[in-house]
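K.L.:
Just one file: start-v2.cif, with mmCIF, N, CA and C atoms.
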```cif
data_protein
#
loop_
_atom_site.group_PDB
_atom_site.id
_atom_site.type_symbol
_atom_site.label_atom_id
_atom_site.label_comp_id
_atom_site.auth_asym_id
_atom_site.auth_seq_id
_atom_site.Cartn_x
_atom_site.Cartn_y
_atom_site.Cartn_z
ATOM 1 N N MET W 1 -18.418 8.595 -3.995
ATOM 2 C CA MET W 1 -18.386 8.085 -2.650
ATOM 3 C C MET W 1 -17.213 7.125 -2.486
ATOM 4 N N THR W 2 -16.492 7.281 -1.412
ATOM 5 C CA THR W 2 -15.358 6.412 -1.127
ATOM 6 C C THR W 2 -15.830 5.186 -0.359
ATOM 7 N N TYR W 3 -15.379 4.037 -0.792
ATOM 8 C CA TYR W 3 -15.718 2.779 -0.145
ATOM 9 C C TYR W 3 -14.647 2.440 0.889
ATOM 10 N N VAL W 4 -15.047 1.704 1.906
ATOM 11 C CA VAL W 4 -14.109 1.209 2.914
ATOM 12 C C VAL W 4 -13.471 -0.058 2.355
ATOM 13 N N VAL W 5 -12.169 -0.212 2.555
ATOM 14 C CA VAL W 5 -11.465 -1.415 2.099
ATOM 15 C C VAL W 5 -11.274 -2.354 3.282
ATOM 16 N N GLU W 6 -11.763 -3.569 3.118
ATOM 17 C CA GLU W 6 -11.607 -4.617 4.119
ATOM 18 C C GLU W 6 -10.695 -5.683 3.524
ATOM 19 N N LYS W 7 -9.558 -5.930 4.164
ATOM 20 C CA LYS W 7 -8.610 -6.943 3.673
ATOM 21 C C LYS W 7 -8.919 -8.283 4.333
ATOM 22 N N SER W 8 -9.008 -9.309 3.521
ATOM 23 C CA SER W 8 -9.153 -10.652 4.077
ATOM 24 C C SER W 8 -7.833 -11.054 4.732
ATOM 25 N N ARG W 9 -7.897 -12.046 5.601
ATOM 26 C CA ARG W 9 -6.653 -12.523 6.219
ATOM 27 C C ARG W 9 -5.699 -13.053 5.161
ATOM 28 N N ARG W 10 -6.269 -13.712 4.164
ATOM 29 C CA ARG W 10 -5.425 -14.271 3.092
ATOM 30 C C ARG W 10 -4.739 -13.162 2.305
ATOM 31 N N SER W 11 -5.446 -12.076 2.010
ATOM 32 C CA SER W 11 -4.828 -10.984 1.250
ATOM 33 C C SER W 11 -3.743 -10.298 2.083
ATOM 34 N N SER W 12 -3.965 -10.169 3.389
ATOM 35 C CA SER W 12 -2.930 -9.584 4.258
ATOM 36 C C SER W 12 -1.679 -10.449 4.266
ATOM 37 N N ARG W 13 -1.879 -11.762 4.288
ATOM 38 C CA ARG W 13 -0.741 -12.689 4.235
ATOM 39 C C ARG W 13 -0.036 -12.611 2.883
ATOM 40 N N ASP W 14 -0.817 -12.499 1.796
ATOM 41 C CA ASP W 14 -0.225 -12.356 0.458
ATOM 42 C C ASP W 14 0.657 -11.111 0.392
ATOM 43 N N ILE W 15 0.158 -10.003 0.936
ATOM 44 C CA ILE W 15 0.909 -8.742 0.911
ATOM 45 C C ILE W 15 2.188 -8.885 1.719
ATOM 46 N N GLU W 16 2.081 -9.498 2.887
ATOM 47 C CA GLU W 16 3.262 -9.691 3.741
ATOM 48 C C GLU W 16 4.312 -10.559 3.050
ATOM 49 N N GLU W 17 3.869 -11.643 2.433
ATOM 50 C CA GLU W 17 4.808 -12.541 1.751
ATOM 51 C C GLU W 17 5.483 -11.845 0.573
ATOM 52 N N ALA W 18 4.735 -11.070 -0.178
ATOM 53 C CA ALA W 18 5.314 -10.345 -1.311
ATOM 54 C C ALA W 18 6.310 -9.295 -0.818
ATOM 55 N N PHE W 19 5.957 -8.601 0.269
ATOM 56 C CA PHE W 19 6.872 -7.610 0.845
ATOM 57 C C PHE W 19 8.187 -8.272 1.249
ATOM 58 N N VAL W 20 8.114 -9.378 1.959
ATOM 59 C CA VAL W 20 9.329 -10.066 2.409
ATOM 60 C C VAL W 20 10.177 -10.471 1.213
ATOM 61 N N PHE W 21 9.546 -11.010 0.187
ATOM 62 C CA PHE W 21 10.273 -11.421 -1.013
ATOM 63 C C PHE W 21 10.999 -10.243 -1.655
ATOM 64 N N ILE W 22 10.301 -9.121 -1.790
ATOM 65 C CA ILE W 22 10.896 -7.933 -2.420
ATOM 66 C C ILE W 22 11.965 -7.319 -1.509
ATOM 67 N N ALA W 23 11.654 -7.210 -0.220
ATOM 68 C CA ALA W 23 12.554 -6.540 0.725
ATOM 69 C C ALA W 23 13.836 -7.321 0.988
ATOM 70 N N GLU W 24 13.832 -8.627 0.779
ATOM 71 C CA GLU W 24 15.052 -9.413 0.961
ATOM 72 C C GLU W 24 16.161 -8.925 0.045
ATOM 73 N N ASN W 25 15.787 -8.448 -1.134
ATOM 74 C CA ASN W 25 16.772 -7.951 -2.095
ATOM 75 C C ASN W 25 16.954 -6.446 -2.013
ATOM 76 N N ASP W 26 15.882 -5.723 -1.618
ATOM 77 C CA ASP W 26 15.943 -4.260 -1.600
ATOM 78 C C ASP W 26 14.879 -3.738 -0.642
ATOM 79 N N LEU W 27 15.307 -3.392 0.581
ATOM 80 C CA LEU W 27 14.365 -2.955 1.607
ATOM 81 C C LEU W 27 13.585 -1.713 1.174
ATOM 82 N N ASP W 28 14.261 -0.758 0.539
ATOM 83 C CA ASP W 28 13.564 0.447 0.091
ATOM 84 C C ASP W 28 12.469 0.111 -0.915
ATOM 85 N N ARG W 29 12.761 -0.796 -1.819
ATOM 86 C CA ARG W 29 11.754 -1.208 -2.819
ATOM 87 C C ARG W 29 10.597 -1.929 -2.127
ATOM 88 N N GLY W 30 10.898 -2.710 -1.105
ATOM 89 C CA GLY W 30 9.848 -3.382 -0.345
ATOM 90 C C GLY W 30 8.920 -2.386 0.324
ATOM 91 N N ILE W 31 9.491 -1.342 0.904
ATOM 92 C CA ILE W 31 8.667 -0.305 1.529
ATOM 93 C C ILE W 31 7.852 0.428 0.474
ATOM 94 N N TYR W 32 8.478 0.714 -0.667
ATOM 95 C CA TYR W 32 7.754 1.356 -1.767
ATOM 96 C C TYR W 32 6.592 0.472 -2.226
ATOM 97 N N PHE W 33 6.792 -0.842 -2.208
ATOM 98 C CA PHE W 33 5.736 -1.784 -2.573
ATOM 99 C C PHE W 33 4.530 -1.633 -1.639
ATOM 100 N N LEU W 34 4.785 -1.554 -0.327
ATOM 101 C CA LEU W 34 3.687 -1.392 0.632
ATOM 102 C C LEU W 34 2.934 -0.087 0.405
ATOM 103 N N VAL W 35 3.673 0.979 0.107
ATOM 104 C CA VAL W 35 3.044 2.271 -0.188
ATOM 105 C C VAL W 35 2.213 2.155 -1.466
ATOM 106 N N ALA W 36 2.746 1.467 -2.467
ATOM 107 C CA ALA W 36 2.022 1.290 -3.731
ATOM 108 C C ALA W 36 0.733 0.501 -3.525
ATOM 109 N N ILE W 37 0.765 -0.495 -2.651
ATOM 110 C CA ILE W 37 -0.449 -1.259 -2.336
ATOM 111 C C ILE W 37 -1.504 -0.316 -1.764
ATOM 112 N N GLU W 38 -1.114 0.482 -0.778
ATOM 113 C CA GLU W 38 -2.071 1.399 -0.140
ATOM 114 C C GLU W 38 -2.575 2.451 -1.129
ATOM 115 N N ASP W 39 -1.683 2.983 -1.964
ATOM 116 C CA ASP W 39 -2.107 3.955 -2.985
ATOM 117 C C ASP W 39 -3.112 3.335 -3.949
ATOM 118 N N THR W 40 -2.863 2.104 -4.344
ATOM 119 C CA THR W 40 -3.753 1.418 -5.277
ATOM 120 C C THR W 40 -5.099 1.117 -4.618
ATOM 121 N N LEU W 41 -5.072 0.717 -3.355
ATOM 122 C CA LEU W 41 -6.327 0.476 -2.645
ATOM 123 C C LEU W 41 -7.128 1.763 -2.467
ATOM 124 N N THR W 42 -6.440 2.879 -2.270
ATOM 125 C CA THR W 42 -7.129 4.168 -2.193
ATOM 126 C C THR W 42 -7.806 4.479 -3.524
ATOM 127 N N LEU W 43 -7.089 4.260 -4.621
ATOM 128 C CA LEU W 43 -7.657 4.477 -5.947
ATOM 129 C C LEU W 43 -8.900 3.606 -6.155
ATOM 130 N N ILE W 44 -8.810 2.340 -5.768
ATOM 131 C CA ILE W 44 -9.942 1.425 -5.920
ATOM 132 C C ILE W 44 -11.105 1.866 -5.030
ATOM 133 N N SER W 45 -10.803 2.299 -3.811
ATOM 134 C CA SER W 45 -11.883 2.709 -2.902
ATOM 135 C C SER W 45 -12.624 3.929 -3.422
ATOM 136 N N GLU W 46 -11.936 4.776 -4.169
ATOM 137 C CA GLU W 46 -12.561 5.965 -4.743
ATOM 138 C C GLU W 46 -13.244 5.683 -6.074
ATOM 139 N N ASN W 47 -12.820 4.598 -6.736
ATOM 140 C CA ASN W 47 -13.352 4.211 -8.057
ATOM 141 C C ASN W 47 -13.549 2.696 -8.084
ATOM 142 N N PRO W 48 -14.509 2.166 -7.356
ATOM 143 C CA PRO W 48 -14.633 0.710 -7.188
ATOM 144 C C PRO W 48 -14.733 -0.093 -8.481
ATOM 145 N N SER W 49 -15.322 0.476 -9.495
ATOM 146 C CA SER W 49 -15.516 -0.271 -10.742
ATOM 147 C C SER W 49 -14.337 -0.165 -11.689
ATOM 148 N N ILE W 50 -13.237 0.388 -11.223
ATOM 149 C CA ILE W 50 -12.061 0.595 -12.071
ATOM 150 C C ILE W 50 -11.463 -0.736 -12.550
ATOM 151 N N GLY W 51 -11.538 -1.746 -11.725
ATOM 152 C CA GLY W 51 -10.946 -3.038 -12.088
ATOM 153 C C GLY W 51 -11.754 -3.749 -13.151
ATOM 154 N N TRP W 52 -11.107 -4.681 -13.790
ATOM 155 C CA TRP W 52 -11.803 -5.437 -14.827
ATOM 156 C C TRP W 52 -12.389 -6.707 -14.215
ATOM 157 N N GLU W 53 -13.594 -7.019 -14.672
ATOM 158 C CA GLU W 53 -14.232 -8.272 -14.260
ATOM 159 C C GLU W 53 -13.713 -9.376 -15.148
ATOM 160 N N ARG W 54 -13.588 -10.533 -14.577
ATOM 161 C CA ARG W 54 -13.199 -11.688 -15.379
ATOM 162 C C ARG W 54 -14.088 -12.849 -15.007
ATOM 163 N N SER W 55 -14.183 -13.787 -15.876
ATOM 164 C CA SER W 55 -14.986 -14.977 -15.615
ATOM 165 C C SER W 55 -14.110 -16.021 -14.936
ATOM 166 N N TYR W 56 -14.625 -16.564 -13.862
ATOM 167 C CA TYR W 56 -13.951 -17.646 -13.158
ATOM 168 C C TYR W 56 -14.779 -18.905 -13.321
ATOM 169 N N GLN W 57 -14.136 -20.040 -13.206
ATOM 170 C CA GLN W 57 -14.850 -21.299 -13.294
ATOM 171 C C GLN W 57 -15.796 -21.473 -12.113
ATOM 172 N N ASN W 58 -15.438 -20.901 -10.970
ATOM 173 C CA ASN W 58 -16.257 -20.964 -9.776
ATOM 174 C C ASN W 58 -17.323 -19.868 -9.843
ATOM 175 N N SER W 59 -18.578 -20.250 -9.928
ATOM 176 C CA SER W 59 -19.661 -19.276 -10.082
ATOM 177 C C SER W 59 -19.818 -18.368 -8.858
ATOM 178 N N LYS W 60 -19.287 -18.758 -7.719
ATOM 179 C CA LYS W 60 -19.337 -17.914 -6.526
ATOM 180 C C LYS W 60 -18.497 -16.647 -6.690
ATOM 181 N N LEU W 61 -17.629 -16.643 -7.679
ATOM 182 C CA LEU W 61 -16.722 -15.514 -7.878
ATOM 183 C C LEU W 61 -17.234 -14.532 -8.926
ATOM 184 N N THR W 62 -18.504 -14.631 -9.278
ATOM 185 C CA THR W 62 -19.094 -13.687 -10.217
ATOM 186 C C THR W 62 -18.984 -12.281 -9.634
ATOM 187 N N GLY W 63 -18.525 -11.348 -10.433
ATOM 188 C CA GLY W 63 -18.388 -9.966 -9.983
ATOM 189 C C GLY W 63 -17.046 -9.634 -9.357
ATOM 190 N N VAL W 64 -16.161 -10.608 -9.260
ATOM 191 C CA VAL W 64 -14.824 -10.342 -8.723
ATOM 192 C C VAL W 64 -14.052 -9.506 -9.732
ATOM 193 N N ARG W 65 -13.328 -8.513 -9.249
ATOM 194 C CA ARG W 65 -12.572 -7.595 -10.111
ATOM 195 C C ARG W 65 -11.080 -7.713 -9.832
ATOM 196 N N ASN W 66 -10.292 -7.274 -10.816
ATOM 197 C CA ASN W 66 -8.828 -7.323 -10.731
ATOM 198 C C ASN W 66 -8.261 -5.961 -11.091
ATOM 199 N N TRP W 67 -7.182 -5.573 -10.420
ATOM 200 C CA TRP W 67 -6.487 -4.327 -10.745
ATOM 201 C C TRP W 67 -5.020 -4.485 -10.385
ATOM 202 N N ARG W 68 -4.157 -3.989 -11.262
ATOM 203 C CA ARG W 68 -2.706 -4.102 -11.037
ATOM 204 C C ARG W 68 -2.228 -3.080 -10.016
ATOM 205 N N VAL W 69 -1.213 -3.467 -9.246
ATOM 206 C CA VAL W 69 -0.638 -2.589 -8.240
ATOM 207 C C VAL W 69 0.212 -1.533 -8.941
ATOM 208 N N LYS W 70 0.000 -0.293 -8.571
ATOM 209 C CA LYS W 70 0.717 0.851 -9.155
ATOM 210 C C LYS W 70 2.233 0.646 -9.032
ATOM 211 N N GLY W 71 2.908 0.628 -10.171
ATOM 212 C CA GLY W 71 4.363 0.486 -10.183
ATOM 213 C C GLY W 71 4.854 -0.945 -10.058
ATOM 214 N N PHE W 72 3.954 -1.889 -9.811
ATOM 215 C CA PHE W 72 4.307 -3.306 -9.674
ATOM 216 C C PHE W 72 3.295 -4.115 -10.478
ATOM 217 N N THR W 73 3.362 -3.958 -11.787
ATOM 218 C CA THR W 73 2.317 -4.489 -12.665
ATOM 219 C C THR W 73 2.247 -6.013 -12.691
ATOM 220 N N LYS W 74 3.231 -6.678 -12.118
ATOM 221 C CA LYS W 74 3.154 -8.140 -12.052
ATOM 222 C C LYS W 74 2.269 -8.603 -10.905
ATOM 223 N N PHE W 75 1.849 -7.682 -10.065
ATOM 224 C CA PHE W 75 0.981 -8.020 -8.940
ATOM 225 C C PHE W 75 -0.436 -7.523 -9.196
ATOM 226 N N ILE W 76 -1.400 -8.394 -8.939
ATOM 227 C CA ILE W 76 -2.806 -8.089 -9.172
ATOM 228 C C ILE W 76 -3.567 -8.172 -7.850
ATOM 229 N N LEU W 77 -4.361 -7.153 -7.590
ATOM 230 C CA LEU W 77 -5.278 -7.163 -6.457
ATOM 231 C C LEU W 77 -6.613 -7.722 -6.939
ATOM 232 N N ILE W 78 -7.145 -8.674 -6.219
ATOM 233 C CA ILE W 78 -8.418 -9.294 -6.561
ATOM 234 C C ILE W 78 -9.412 -8.904 -5.473
ATOM 235 N N TYR W 79 -10.525 -8.295 -5.897
ATOM 236 C CA TYR W 79 -11.465 -7.762 -4.913
ATOM 237 C C TYR W 79 -12.909 -7.882 -5.371
ATOM 238 N N GLN W 80 -13.805 -7.737 -4.404
ATOM 239 C CA GLN W 80 -15.241 -7.701 -4.661
ATOM 240 C C GLN W 80 -15.793 -6.393 -4.126
ATOM 241 N N ILE W 81 -16.846 -5.918 -4.774
ATOM 242 C CA ILE W 81 -17.520 -4.699 -4.355
ATOM 243 C C ILE W 81 -18.827 -5.090 -3.663
ATOM 244 N N ASP W 82 -19.065 -4.505 -2.501
ATOM 245 C CA ASP W 82 -20.359 -4.643 -1.840
ATOM 246 C C ASP W 82 -20.971 -3.250 -1.791
ATOM 247 N N SER W 83 -21.820 -2.944 -2.753
ATOM 248 C CA SER W 83 -22.410 -1.613 -2.878
ATOM 249 C C SER W 83 -23.350 -1.295 -1.726
ATOM 250 N N GLN W 84 -23.995 -2.292 -1.177
ATOM 251 C CA GLN W 84 -24.921 -2.049 -0.068
ATOM 252 C C GLN W 84 -24.185 -1.586 1.183
ATOM 253 N N LEU W 85 -22.988 -2.128 1.414
ATOM 254 C CA LEU W 85 -22.202 -1.757 2.594
ATOM 255 C C LEU W 85 -21.153 -0.692 2.282
ATOM 256 N N ASN W 86 -21.086 -0.280 1.004
ATOM 257 C CA ASN W 86 -20.025 0.651 0.565
ATOM 258 C C ASN W 86 -18.656 0.122 0.976
ATOM 259 N N GLU W 87 -18.412 -1.131 0.599
ATOM 260 C CA GLU W 87 -17.200 -1.811 1.023
ATOM 261 C C GLU W 87 -16.526 -2.515 -0.155
ATOM 262 N N ILE W 88 -15.216 -2.463 -0.143
ATOM 263 C CA ILE W 88 -14.388 -3.255 -1.054
ATOM 264 C C ILE W 88 -13.765 -4.356 -0.215
ATOM 265 N N ARG W 89 -13.930 -5.587 -0.634
ATOM 266 C CA ARG W 89 -13.336 -6.722 0.073
ATOM 267 C C ARG W 89 -12.157 -7.204 -0.745
ATOM 268 N N LEU W 90 -10.948 -6.949 -0.235
ATOM 269 C CA LEU W 90 -9.736 -7.423 -0.905
ATOM 270 C C LEU W 90 -9.580 -8.906 -0.596
ATOM 271 N N LEU W 91 -9.633 -9.723 -1.646
ATOM 272 C CA LEU W 91 -9.587 -11.173 -1.483
ATOM 273 C C LEU W 91 -8.173 -11.716 -1.541
ATOM 274 N N ARG W 92 -7.402 -11.253 -2.515
ATOM 275 C CA ARG W 92 -6.037 -11.774 -2.710
ATOM 276 C C ARG W 92 -5.151 -10.744 -3.384
ATOM 277 N N LEU W 93 -3.872 -10.918 -3.218
ATOM 278 C CA LEU W 93 -2.829 -10.270 -4.015
ATOM 279 C C LEU W 93 -2.071 -11.419 -4.658
ATOM 280 N N VAL W 94 -1.971 -11.416 -5.980
ATOM 281 C CA VAL W 94 -1.314 -12.530 -6.667
ATOM 282 C C VAL W 94 -0.364 -12.014 -7.732
ATOM 283 N N ASN W 95 0.588 -12.861 -8.074
ATOM 284 C CA ASN W 95 1.476 -12.582 -9.193
ATOM 285 C C ASN W 95 0.709 -12.889 -10.463
ATOM 286 N N SER W 96 0.820 -12.026 -11.452
ATOM 287 C CA SER W 96 0.044 -12.178 -12.690
ATOM 288 C C SER W 96 0.398 -13.438 -13.474
ATOM 289 N N SER W 97 1.502 -14.080 -13.143
ATOM 290 C CA SER W 97 1.870 -15.302 -13.866
ATOM 291 C C SER W 97 1.093 -16.521 -13.365
ATOM 292 N N ARG W 98 0.380 -16.376 -12.271
ATOM 293 C CA ARG W 98 -0.389 -17.497 -11.728
ATOM 294 C C ARG W 98 -1.653 -17.740 -12.534
ATOM 295 N N ASP W 99 -2.097 -18.970 -12.537
ATOM 296 C CA ASP W 99 -3.363 -19.321 -13.159
ATOM 297 C C ASP W 99 -4.473 -18.896 -12.202
ATOM 298 N N LEU W 100 -5.180 -17.832 -12.535
ATOM 299 C CA LEU W 100 -6.170 -17.272 -11.632
ATOM 300 C C LEU W 100 -7.351 -18.202 -11.395
ATOM 301 N N ASN W 101 -7.605 -19.132 -12.306
ATOM 302 C CA ASN W 101 -8.689 -20.080 -12.099
ATOM 303 C C ASN W 101 -8.337 -21.127 -11.046
ATOM 304 N N GLN W 102 -7.073 -21.259 -10.724
ATOM 305 C CA GLN W 102 -6.644 -22.249 -9.736
ATOM 306 C C GLN W 102 -6.471 -21.657 -8.339
ATOM 307 N N LEU W 103 -6.788 -20.367 -8.189
ATOM 308 C CA LEU W 103 -6.612 -19.707 -6.898
ATOM 309 C C LEU W 103 -7.640 -20.142 -5.884
ATOM 310 N N ASP W 104 -7.216 -20.180 -4.653
ATOM 311 C CA ASP W 104 -8.119 -20.401 -3.532
ATOM 312 C C ASP W 104 -8.543 -19.029 -3.035
ATOM 313 N N LEU W 105 -9.754 -18.624 -3.377
ATOM 314 C CA LEU W 105 -10.239 -17.319 -2.945
ATOM 315 C C LEU W 105 -11.182 -17.520 -1.791
#
```
Rewrite the coordinates I just gave you, this time as structure tokens.
P.N.:
Amino acid sequence: MTYVVEKSRRSSRDIEEAFVFIAENDLDRGIYFLVAIEDTLTLISENPSIGWERSYQNSKLTGVRNWRVKGFTKFILIYQIDSQLNEIRLLRLVNSSRDLNQLDL
């Protein structure tokens, strides 16, 4: 079963900021980045448990999963699965060099 992907406002802003950063140097690569985001979200929507769970210091984030963006492995999509609603909630897009425990999700 395919899940619906719901992007948070913060994740949409993260994607936009990353696109601008990439596209400033190479517009074609920036567009490819946006396509890669959508391809990766499609993969996640078809296989929600594909991402790895990690432990966060904030107990509210139990069950949050991470998956790298296809072709842009320095970028991680952070999402939650809502099995009752058949929904994936995209929380953030982050650079893998960031301390994930310090993120505002």
K.L.:
Tell me, as a list of chain:residue names, which residues lie within 8 Å of segment 62-64 of chain W, counting only N, CA and C atoms; anything in the same chain fewer than 6 positions away does not count.
P.N.:
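The filter keeps W:Gly51, W:Trp52, W:Glu53, W:Arg54, W:Ser55, W:Tyr56, W:Ile78, W:Tyr79, W:Gln80, W:Ile81.
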K.L.:
For a cutoff of 6 Å around the file-coordinate point (-14.7, 2.6, 3.4), which residues qualify once you count all atoms listed in the file? I'd like the result as a PyMOL selection string.
P.N.:
chain W and resi 2-5+86-87
K.L.:
Can you pull out the residues contacting Ile15 of chain W? Cut-off 7 Å, using only N, CA and C atoms, and skip same-chain residues under 4 positions away; I want them as a ChimeraX atom specification.
P.N.:
/W:10-11,19-20,92-93
K.L.:
Mind pulling up the distance from atom CA of Ile88 of chain W to atom CA of Pro48 of chain W?
P.N.:
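Spanning atom CA of Pro48 of chain W to atom CA of Ile88 of chain W is a straight-line distance of 7.3 Å.
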K.L.:
Given the choices W:Ile76, W:Ser8, W:Thr40, W:Asp82, which gets closest to Val94 of chain W if the distance is worked out from only N, CA and C atoms?
P.N.:
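Of the candidates, the smallest distance to Val94 of chain W is held by W:Ile76.
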K.L.:
I'd like the neighbourhood of Lys7 of chain W as an MDAnalysis selection string, where a residue qualifies if any of its atoms comes within 7 Å (using only N, CA and C atoms), though same-chain residues fewer than 6 positions away should be ignored.
P.N.:
chainID W and resid 88:91
K.L.:
How far is it from atom CA of Ala36 of chain W to atom CA of Lys70 of chain W, in Å with one decimal?
P.N.:
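Calculated distance between atom CA of Ala36 of chain W and atom CA of Lys70 of chain W is 5.6 Å.
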K.L.:
From segment 1-100 of chain W, collect each residue whose DSSP state is alpha helix (DSSP H) and return the set as a PyMOL selection string.
P.N.:
chain W and resi 9-25+27-46
K.L.:
Go through the shown structure with the PyMOL selection byres (((chain W and resi 74 and name CA) around 8) and name CA) and write out the matching residues as a ChimeraX atom specification.
P.N.:
/W:68-69,72-73,75-76,95-97
K.L.:
Go through W:Asp26, W:Ala18, W:Glu6, W:Trp67 one by one, measure the shortest atom-to-atom distance of each to Asn47 of chain W using only C-alpha atoms, and give the residue with the smallest value.
P.N.:
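Comparing W:Asp26, W:Ala18, W:Glu6, W:Trp67 against Asn47 of chain W, the winner is W:Trp67.
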K.L.:
As a list in words, list the residues of segment 49-95 of chain W assigned to strand (DSSP E or B) by DSSP on the backbone atoms of this structure.
P.N.:
Trp52, Glu53, Arg65, Asn66, Trp67, Arg68, Val69, Phe72, Thr73, Lys74, Phe75, Ile76, Leu77, Ile78, Tyr79, Gln80, Ile81, Asp82, Glu87, Ile88, Arg89, Leu90, Leu91, Arg92, Leu93, Val94 and Asn95 of chain W
K.L.:
Would you write out those residues with N, CA and C atoms, as a tab-separated table (two decimals), in the coordinates of the input?
P.N.:
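So result-v5.tsv came out as:
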```
chain	number	residue	atom	x	y	z
W	52	TRP	N	-11.11	-4.68	-13.79
W	52	TRP	CA	-11.80	-5.44	-14.83
W	52	TRP	C	-12.39	-6.71	-14.22
W	53	GLU	N	-13.59	-7.02	-14.67
W	53	GLU	CA	-14.23	-8.27	-14.26
W	53	GLU	C	-13.71	-9.38	-15.15
W	65	ARG	N	-13.33	-8.51	-9.25
W	65	ARG	CA	-12.57	-7.60	-10.11
W	65	ARG	C	-11.08	-7.71	-9.83
W	66	ASN	N	-10.29	-7.27	-10.82
W	66	ASN	CA	-8.83	-7.32	-10.73
W	66	ASN	C	-8.26	-5.96	-11.09
W	67	TRP	N	-7.18	-5.57	-10.42
W	67	TRP	CA	-6.49	-4.33	-10.74
W	67	TRP	C	-5.02	-4.49	-10.38
W	68	ARG	N	-4.16	-3.99	-11.26
W	68	ARG	CA	-2.71	-4.10	-11.04
W	68	ARG	C	-2.23	-3.08	-10.02
W	69	VAL	N	-1.21	-3.47	-9.25
W	69	VAL	CA	-0.64	-2.59	-8.24
W	69	VAL	C	0.21	-1.53	-8.94
W	72	PHE	N	3.95	-1.89	-9.81
W	72	PHE	CA	4.31	-3.31	-9.67
W	72	PHE	C	3.30	-4.12	-10.48
W	73	THR	N	3.36	-3.96	-11.79
W	73	THR	CA	2.32	-4.49	-12.66
W	73	THR	C	2.25	-6.01	-12.69
W	74	LYS	N	3.23	-6.68	-12.12
W	74	LYS	CA	3.15	-8.14	-12.05
W	74	LYS	C	2.27	-8.60	-10.90
W	75	PHE	N	1.85	-7.68	-10.06
W	75	PHE	CA	0.98	-8.02	-8.94
W	75	PHE	C	-0.44	-7.52	-9.20
W	76	ILE	N	-1.40	-8.39	-8.94
W	76	ILE	CA	-2.81	-8.09	-9.17
W	76	ILE	C	-3.57	-8.17	-7.85
W	77	LEU	N	-4.36	-7.15	-7.59
W	77	LEU	CA	-5.28	-7.16	-6.46
W	77	LEU	C	-6.61	-7.72	-6.94
W	78	ILE	N	-7.14	-8.67	-6.22
W	78	ILE	CA	-8.42	-9.29	-6.56
W	78	ILE	C	-9.41	-8.90	-5.47
W	79	TYR	N	-10.52	-8.30	-5.90
W	79	TYR	CA	-11.46	-7.76	-4.91
W	79	TYR	C	-12.91	-7.88	-5.37
W	80	GLN	N	-13.80	-7.74	-4.40
W	80	GLN	CA	-15.24	-7.70	-4.66
W	80	GLN	C	-15.79	-6.39	-4.13
W	81	ILE	N	-16.85	-5.92	-4.77
W	81	ILE	CA	-17.52	-4.70	-4.36
W	81	ILE	C	-18.83	-5.09	-3.66
W	82	ASP	N	-19.07	-4.50	-2.50
W	82	ASP	CA	-20.36	-4.64	-1.84
W	82	ASP	C	-20.97	-3.25	-1.79
W	87	GLU	N	-18.41	-1.13	0.60
W	87	GLU	CA	-17.20	-1.81	1.02
W	87	GLU	C	-16.53	-2.52	-0.16
W	88	ILE	N	-15.22	-2.46	-0.14
W	88	ILE	CA	-14.39	-3.26	-1.05
W	88	ILE	C	-13.76	-4.36	-0.22
W	89	ARG	N	-13.93	-5.59	-0.63
W	89	ARG	CA	-13.34	-6.72	0.07
W	89	ARG	C	-12.16	-7.20	-0.74
W	90	LEU	N	-10.95	-6.95	-0.24
W	90	LEU	CA	-9.74	-7.42	-0.90
W	90	LEU	C	-9.58	-8.91	-0.60
W	91	LEU	N	-9.63	-9.72	-1.65
W	91	LEU	CA	-9.59	-11.17	-1.48
W	91	LEU	C	-8.17	-11.72	-1.54
W	92	ARG	N	-7.40	-11.25	-2.52
W	92	ARG	CA	-6.04	-11.77	-2.71
W	92	ARG	C	-5.15	-10.74	-3.38
W	93	LEU	N	-3.87	-10.92	-3.22
W	93	LEU	CA	-2.83	-10.27	-4.01
W	93	LEU	C	-2.07	-11.42	-4.66
W	94	VAL	N	-1.97	-11.42	-5.98
W	94	VAL	CA	-1.31	-12.53	-6.67
W	94	VAL	C	-0.36	-12.01	-7.73
W	95	ASN	N	0.59	-12.86	-8.07
W	95	ASN	CA	1.48	-12.58	-9.19
W	95	ASN	C	0.71	-12.89	-10.46
```
K.L.:
Do you have the atom N of Tyr32 of chain W-atom CA of Ile50 of chain W distance handy?
P.N.:
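Between atom N of Tyr32 of chain W and atom CA of Ile50 of chain W the gap works out to 23.5 Å.
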K.L.:
Axis-aligned box over every listed atom of segment 3-12 of chain W, padded by 8 Å per side: centre and edges in Å to one decimal, as AutoDock Vina command-line options?
P.N.:
```
--center_x -8.7 --center_y -5.1 --center_z 2.7 --size_x 30.0 --size_y 34.3 --size_z 23.0
```
